[in-house]
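Structure first, then comments.
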Amino acid sequence: MSLNNAVVWLDHVKAHVIHFDKDAAESESLKTHSTHPHPHVKHGDSHASEDDNTRFYNEIAATLKDSQQILVVGPAGEKTAFMKHLTANATAIADKVKAVETVDHPSDSQLLSFARQHFISAGGLQ
């Protein structure tokens, strides 16, 4: 069975990736390697190193390499930073992203339901 769809929920600490089709799903979680709990820029000092973010984003991207369509969601700006990283460093994966949406902190089942509904509404759940 091939799970062609993926939804990624991420914030500055972790990412949940769910690969799915209309009948099945598999999920995995990844955590950032940053030792700082909030990578905000404050007083000109960035708490999370660019290397930590790059490594985190590359790990997420690696889990998405076989996906045919991807939905990226999250509560704040991390999803946008991830998309900028994909556009600059993993264009083949960035091209598979069908939408970027703001979603707060859903459970895995809520996230899966949201993603399935999104792809059905968009014209096809592969």
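As shown in the structure tokens, the chain order sets the letters A, B, ...; within each chain, residues go from 1, and ligands are also counted from 1 in the order they appear.
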
Produce a table with one row for each residue of stretch 54-82 of chain A that has an atom at most 12 Å from any atom of stretch 102-123 of chain A, each row naming the nearest atom pair and its distance in Å at one decimal; use only C-alpha atoms; arrange rows by chain and rising residue number; format as JSON lines.
{"residue": "A:Gln68", "atom": "CA", "partner": "A:Phe119", "partner_atom": "CA", "distance": 11.6}
{"residue": "A:Gln69", "atom": "CA", "partner": "A:Phe119", "partner_atom": "CA", "distance": 8.7}
{"residue": "A:Ile70", "atom": "CA", "partner": "A:Ala115", "partner_atom": "CA", "distance": 9.1}
{"residue": "A:Leu71", "atom": "CA", "partner": "A:Ala115", "partner_atom": "CA", "distance": 7.0}
{"residue": "A:Val72", "atom": "CA", "partner": "A:Thr102", "partner_atom": "CA", "distance": 8.7}
{"residue": "A:Val73", "atom": "CA", "partner": "A:Thr102", "partner_atom": "CA", "distance": 5.6}
{"residue": "A:Gly74", "atom": "CA", "partner": "A:Val103", "partner_atom": "CA", "distance": 4.9}
{"residue": "A:Pro75", "atom": "CA", "partner": "A:Asp104", "partner_atom": "CA", "distance": 4.4}
{"residue": "A:Ala76", "atom": "CA", "partner": "A:Thr102", "partner_atom": "CA", "distance": 7.0}
{"residue": "A:Gly77", "atom": "CA", "partner": "A:Thr102", "partner_atom": "CA", "distance": 9.1}
{"residue": "A:Glu78", "atom": "CA", "partner": "A:Thr102", "partner_atom": "CA", "distance": 10.4}
{"residue": "A:Lys79", "atom": "CA", "partner": "A:Thr102", "partner_atom": "CA", "distance": 8.4}
{"residue": "A:Thr80", "atom": "CA", "partner": "A:Thr102", "partner_atom": "CA", "distance": 10.0}

Keeping only all heavy atoms, take the residues you just selected and write them out as a short mmCIF file (atom, residue, chain, number, x, y, z; two decimals), in the first residue's frame.
data_model
loop_
_atom_site.label_atom_id
_atom_site.label_comp_id
_atom_site.auth_asym_id
_atom_site.auth_seq_id
_atom_site.Cartn_x
_atom_site.Cartn_y
_atom_site.Cartn_z
N GLN A 68 3.07 12.44 -2.79
CA GLN A 68 2.64 13.04 -4.05
C GLN A 68 1.96 14.39 -3.84
O GLN A 68 2.00 15.25 -4.72
CB GLN A 68 1.70 12.09 -4.80
CG GLN A 68 2.37 10.80 -5.21
CD GLN A 68 3.59 11.05 -6.07
OE1 GLN A 68 3.53 11.77 -7.06
NE2 GLN A 68 4.72 10.48 -5.69
N GLN A 69 1.29 14.54 -2.71
CA GLN A 69 0.70 15.83 -2.37
C GLN A 69 0.81 16.03 -0.86
O GLN A 69 0.67 15.10 -0.09
CB GLN A 69 -0.73 15.98 -2.87
CG GLN A 69 -1.71 14.91 -2.50
CD GLN A 69 -3.08 15.17 -3.13
OE1 GLN A 69 -3.26 16.08 -3.95
NE2 GLN A 69 -4.05 14.39 -2.76
N ILE A 70 1.11 17.28 -0.50
CA ILE A 70 1.46 17.60 0.88
C ILE A 70 0.66 18.81 1.33
O ILE A 70 0.49 19.78 0.57
CB ILE A 70 2.97 17.92 0.99
CG1 ILE A 70 3.81 16.72 0.51
CG2 ILE A 70 3.34 18.32 2.41
CD1 ILE A 70 5.26 17.05 0.21
N LEU A 71 0.21 18.76 2.57
CA LEU A 71 -0.43 19.89 3.23
C LEU A 71 0.45 20.27 4.41
O LEU A 71 0.83 19.40 5.21
CB LEU A 71 -1.83 19.48 3.72
CG LEU A 71 -2.61 20.49 4.54
CD1 LEU A 71 -2.90 21.76 3.73
CD2 LEU A 71 -3.92 19.86 5.02
N VAL A 72 0.82 21.55 4.52
CA VAL A 72 1.66 22.03 5.62
C VAL A 72 0.80 22.92 6.50
O VAL A 72 0.18 23.87 6.00
CB VAL A 72 2.88 22.81 5.10
CG1 VAL A 72 3.70 23.38 6.26
CG2 VAL A 72 3.75 21.92 4.22
N VAL A 73 0.76 22.59 7.80
CA VAL A 73 -0.06 23.36 8.72
C VAL A 73 0.70 23.62 10.02
O VAL A 73 1.68 22.96 10.33
CB VAL A 73 -1.40 22.63 9.04
CG1 VAL A 73 -2.22 22.42 7.78
CG2 VAL A 73 -1.16 21.30 9.74
N GLY A 74 0.21 24.59 10.77
CA GLY A 74 0.80 24.91 12.06
C GLY A 74 0.17 26.16 12.63
O GLY A 74 -0.58 26.86 11.95
N PRO A 75 0.49 26.46 13.89
CA PRO A 75 -0.17 27.57 14.56
C PRO A 75 0.45 28.94 14.31
O PRO A 75 -0.19 29.95 14.55
CB PRO A 75 -0.03 27.21 16.04
CG PRO A 75 1.24 26.43 16.10
CD PRO A 75 1.30 25.67 14.80
N ALA A 76 1.68 29.02 13.86
CA ALA A 76 2.34 30.32 13.75
C ALA A 76 3.24 30.37 12.52
O ALA A 76 2.96 29.70 11.53
CB ALA A 76 3.14 30.58 15.03
N GLY A 77 4.31 31.13 12.60
CA GLY A 77 5.17 31.38 11.45
C GLY A 77 6.12 30.27 11.06
O GLY A 77 6.77 30.36 10.02
N GLU A 78 6.23 29.23 11.84
CA GLU A 78 7.19 28.17 11.54
C GLU A 78 6.86 27.49 10.20
O GLU A 78 7.76 27.11 9.45
CB GLU A 78 7.22 27.14 12.65
CG GLU A 78 8.47 26.30 12.66
CD GLU A 78 9.72 27.07 13.07
OE1 GLU A 78 9.61 28.08 13.77
OE2 GLU A 78 10.81 26.64 12.67
N LYS A 79 5.58 27.35 9.90
CA LYS A 79 5.19 26.71 8.63
C LYS A 79 5.68 27.53 7.44
O LYS A 79 6.09 26.99 6.42
CB LYS A 79 3.69 26.47 8.59
CG LYS A 79 2.84 27.71 8.65
CD LYS A 79 1.37 27.37 8.82
CE LYS A 79 0.53 28.60 9.03
NZ LYS A 79 0.80 29.33 10.26
N THR A 80 5.66 28.86 7.57
CA THR A 80 6.14 29.73 6.51
C THR A 80 7.66 29.63 6.36
O THR A 80 8.17 29.56 5.24
CB THR A 80 5.73 31.19 6.79
OG1 THR A 80 4.31 31.22 6.98
CG2 THR A 80 6.12 32.11 5.66
#

All helix (DSSP H, G or I) residues (DSSP, backbone) inside chain A, as a ChimeraX atom specification: /A:50-64,78-89,91-94,108-121

Store the residues picked out above, limited to C-alpha atoms, as a PDB file, in the first residue's frame.
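Result saved to selection_0.pdb:
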ATOM      1  CA  GLU A  50      20.216  28.530  11.743  1.00  0.00           C
ATOM      2  CA  ASP A  51      21.944  25.131  11.636  1.00  0.00           C
ATOM      3  CA  ASP A  52      19.381  23.693  14.098  1.00  0.00           C
ATOM      4  CA  ASN A  53      16.500  24.942  11.956  1.00  0.00           C
ATOM      5  CA  THR A  54      18.106  23.695   8.744  1.00  0.00           C
ATOM      6  CA  ARG A  55      18.671  20.243  10.216  1.00  0.00           C
ATOM      7  CA  PHE A  56      15.087  20.134  11.563  1.00  0.00           C
ATOM      8  CA  TYR A  57      13.625  21.207   8.212  1.00  0.00           C
ATOM      9  CA  ASN A  58      15.814  18.730   6.310  1.00  0.00           C
ATOM     10  CA  GLU A  59      14.612  15.894   8.559  1.00  0.00           C
ATOM     11  CA  ILE A  60      10.996  16.853   7.895  1.00  0.00           C
ATOM     12  CA  ALA A  61      11.653  17.127   4.156  1.00  0.00           C
ATOM     13  CA  ALA A  62      13.256  13.669   4.120  1.00  0.00           C
ATOM     14  CA  THR A  63      10.047  12.152   5.497  1.00  0.00           C
ATOM     15  CA  LEU A  64       8.096  13.769   2.635  1.00  0.00           C
ATOM     16  CA  GLU A  78       7.191  28.166  11.535  1.00  0.00           C
ATOM     17  CA  LYS A  79       5.192  26.713   8.634  1.00  0.00           C
ATOM     18  CA  THR A  80       6.138  29.731   6.508  1.00  0.00           C
ATOM     19  CA  ALA A  81       9.816  29.421   7.430  1.00  0.00           C
ATOM     20  CA  PHE A  82       9.649  25.712   6.531  1.00  0.00           C
ATOM     21  CA  MET A  83       8.132  26.559   3.144  1.00  0.00           C
ATOM     22  CA  LYS A  84      10.892  29.109   2.478  1.00  0.00           C
ATOM     23  CA  HIS A  85      13.428  26.399   3.293  1.00  0.00           C
ATOM     24  CA  LEU A  86      11.740  23.923   0.937  1.00  0.00           C
ATOM     25  CA  THR A  87      11.528  26.486  -1.861  1.00  0.00           C
ATOM     26  CA  ALA A  88      15.229  27.269  -1.536  1.00  0.00           C
ATOM     27  CA  ASN A  89      16.594  23.793  -0.807  1.00  0.00           C
ATOM     28  CA  THR A  91      12.123  22.380  -4.764  1.00  0.00           C
ATOM     29  CA  ALA A  92      10.860  18.932  -5.769  1.00  0.00           C
ATOM     30  CA  ILE A  93       9.167  18.628  -2.374  1.00  0.00           C
ATOM     31  CA  ALA A  94       8.026  22.270  -2.332  1.00  0.00           C
ATOM     32  CA  ASP A 108      -3.457  13.379  15.337  1.00  0.00           C
ATOM     33  CA  SER A 109      -6.987  12.185  14.527  1.00  0.00           C
ATOM     34  CA  GLN A 110      -8.208  15.773  14.074  1.00  0.00           C
ATOM     35  CA  LEU A 111      -5.196  16.547  11.902  1.00  0.00           C
ATOM     36  CA  LEU A 112      -5.777  13.480   9.739  1.00  0.00           C
ATOM     37  CA  SER A 113      -9.474  14.304   9.367  1.00  0.00           C
ATOM     38  CA  PHE A 114      -8.637  17.913   8.419  1.00  0.00           C
ATOM     39  CA  ALA A 115      -6.085  16.777   5.826  1.00  0.00           C
ATOM     40  CA  ARG A 116      -8.342  14.165   4.258  1.00  0.00           C
ATOM     41  CA  GLN A 117     -11.169  16.701   3.993  1.00  0.00           C
ATOM     42  CA  HIS A 118      -8.799  19.276   2.514  1.00  0.00           C
ATOM     43  CA  PHE A 119      -7.639  16.950  -0.263  1.00  0.00           C
ATOM     44  CA  ILE A 120     -11.169  15.733  -0.990  1.00  0.00           C
ATOM     45  CA  SER A 121     -12.352  19.355  -1.273  1.00  0.00           C
TER      46      SER A 121
END

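For stretch 22-105 of chain A, backbone-based DSSP assignment of strand (DSSP E or B) covers A:Ala25, A:Glu26, A:Ser27, A:Glu28, A:Ser29, A:Leu30, A:Lys31, A:Val41, A:Lys42, A:Asp45, A:Ser46, A:Gln69, A:Ile70, A:Leu71, A:Val72, A:Val73, A:Gly74, A:Val97, A:Lys98, A:Ala99, A:Val100, A:Glu101, A:Thr102.
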
Restrict the selected residues to C-alpha atoms and save them as a tab-separated table (two decimals), in the first residue's frame.
chain	number	residue	atom	x	y	z
A	25	ALA	CA	-2.45	6.31	7.89
A	26	GLU	CA	0.99	6.22	9.51
A	27	SER	CA	2.39	9.00	11.66
A	28	GLU	CA	5.74	10.03	13.03
A	29	SER	CA	7.03	12.84	15.22
A	30	LEU	CA	10.25	14.80	14.95
A	31	LYS	CA	11.75	17.25	17.41
A	41	VAL	CA	14.62	36.84	17.72
A	42	LYS	CA	14.93	39.14	20.70
A	45	ASP	CA	19.96	37.71	19.24
A	46	SER	CA	18.53	34.56	17.70
A	69	GLN	CA	0.70	15.83	-2.37
A	70	ILE	CA	1.46	17.60	0.88
A	71	LEU	CA	-0.43	19.89	3.23
A	72	VAL	CA	1.66	22.03	5.62
A	73	VAL	CA	-0.06	23.36	8.72
A	74	GLY	CA	0.80	24.91	12.06
A	97	VAL	CA	2.82	21.25	-1.34
A	98	LYS	CA	-0.79	21.95	-2.23
A	99	ALA	CA	-1.55	24.38	0.61
A	100	VAL	CA	-0.24	26.00	3.77
A	101	GLU	CA	-2.89	26.51	6.45
A	102	THR	CA	-3.07	27.87	9.97

So how many Å separate atom CA of A:Asp23 and atom CA of A:Ser2, to one decimal?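 Atom CA of A:Ser2 lies at a distance of 10.9 Å from atom CA of A:Asp23.
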
For each of A:His33, A:Leu3, A:Lys96, A:Trp9, take the minimum atom-to-atom distance to A:Asp21, counting only C-alpha atoms, then give the residue where this is smallest.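 When distances to A:Asp21 are compared using only C-alpha atoms, the smallest one comes from A:Leu3.
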
Taking only C-alpha atoms into account, name the residue in A:Gly124, A:Ala90, A:Val7, A:Asp66 that is nearest to A:Phe20. A:Val7

Have a look at atom CA of A:His19 and atom CA of A:Asn5 and let me know their distance in Å, one decimal.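 Taking atom CA of A:His19 and atom CA of A:Asn5, their separation equals 5.6 Å.
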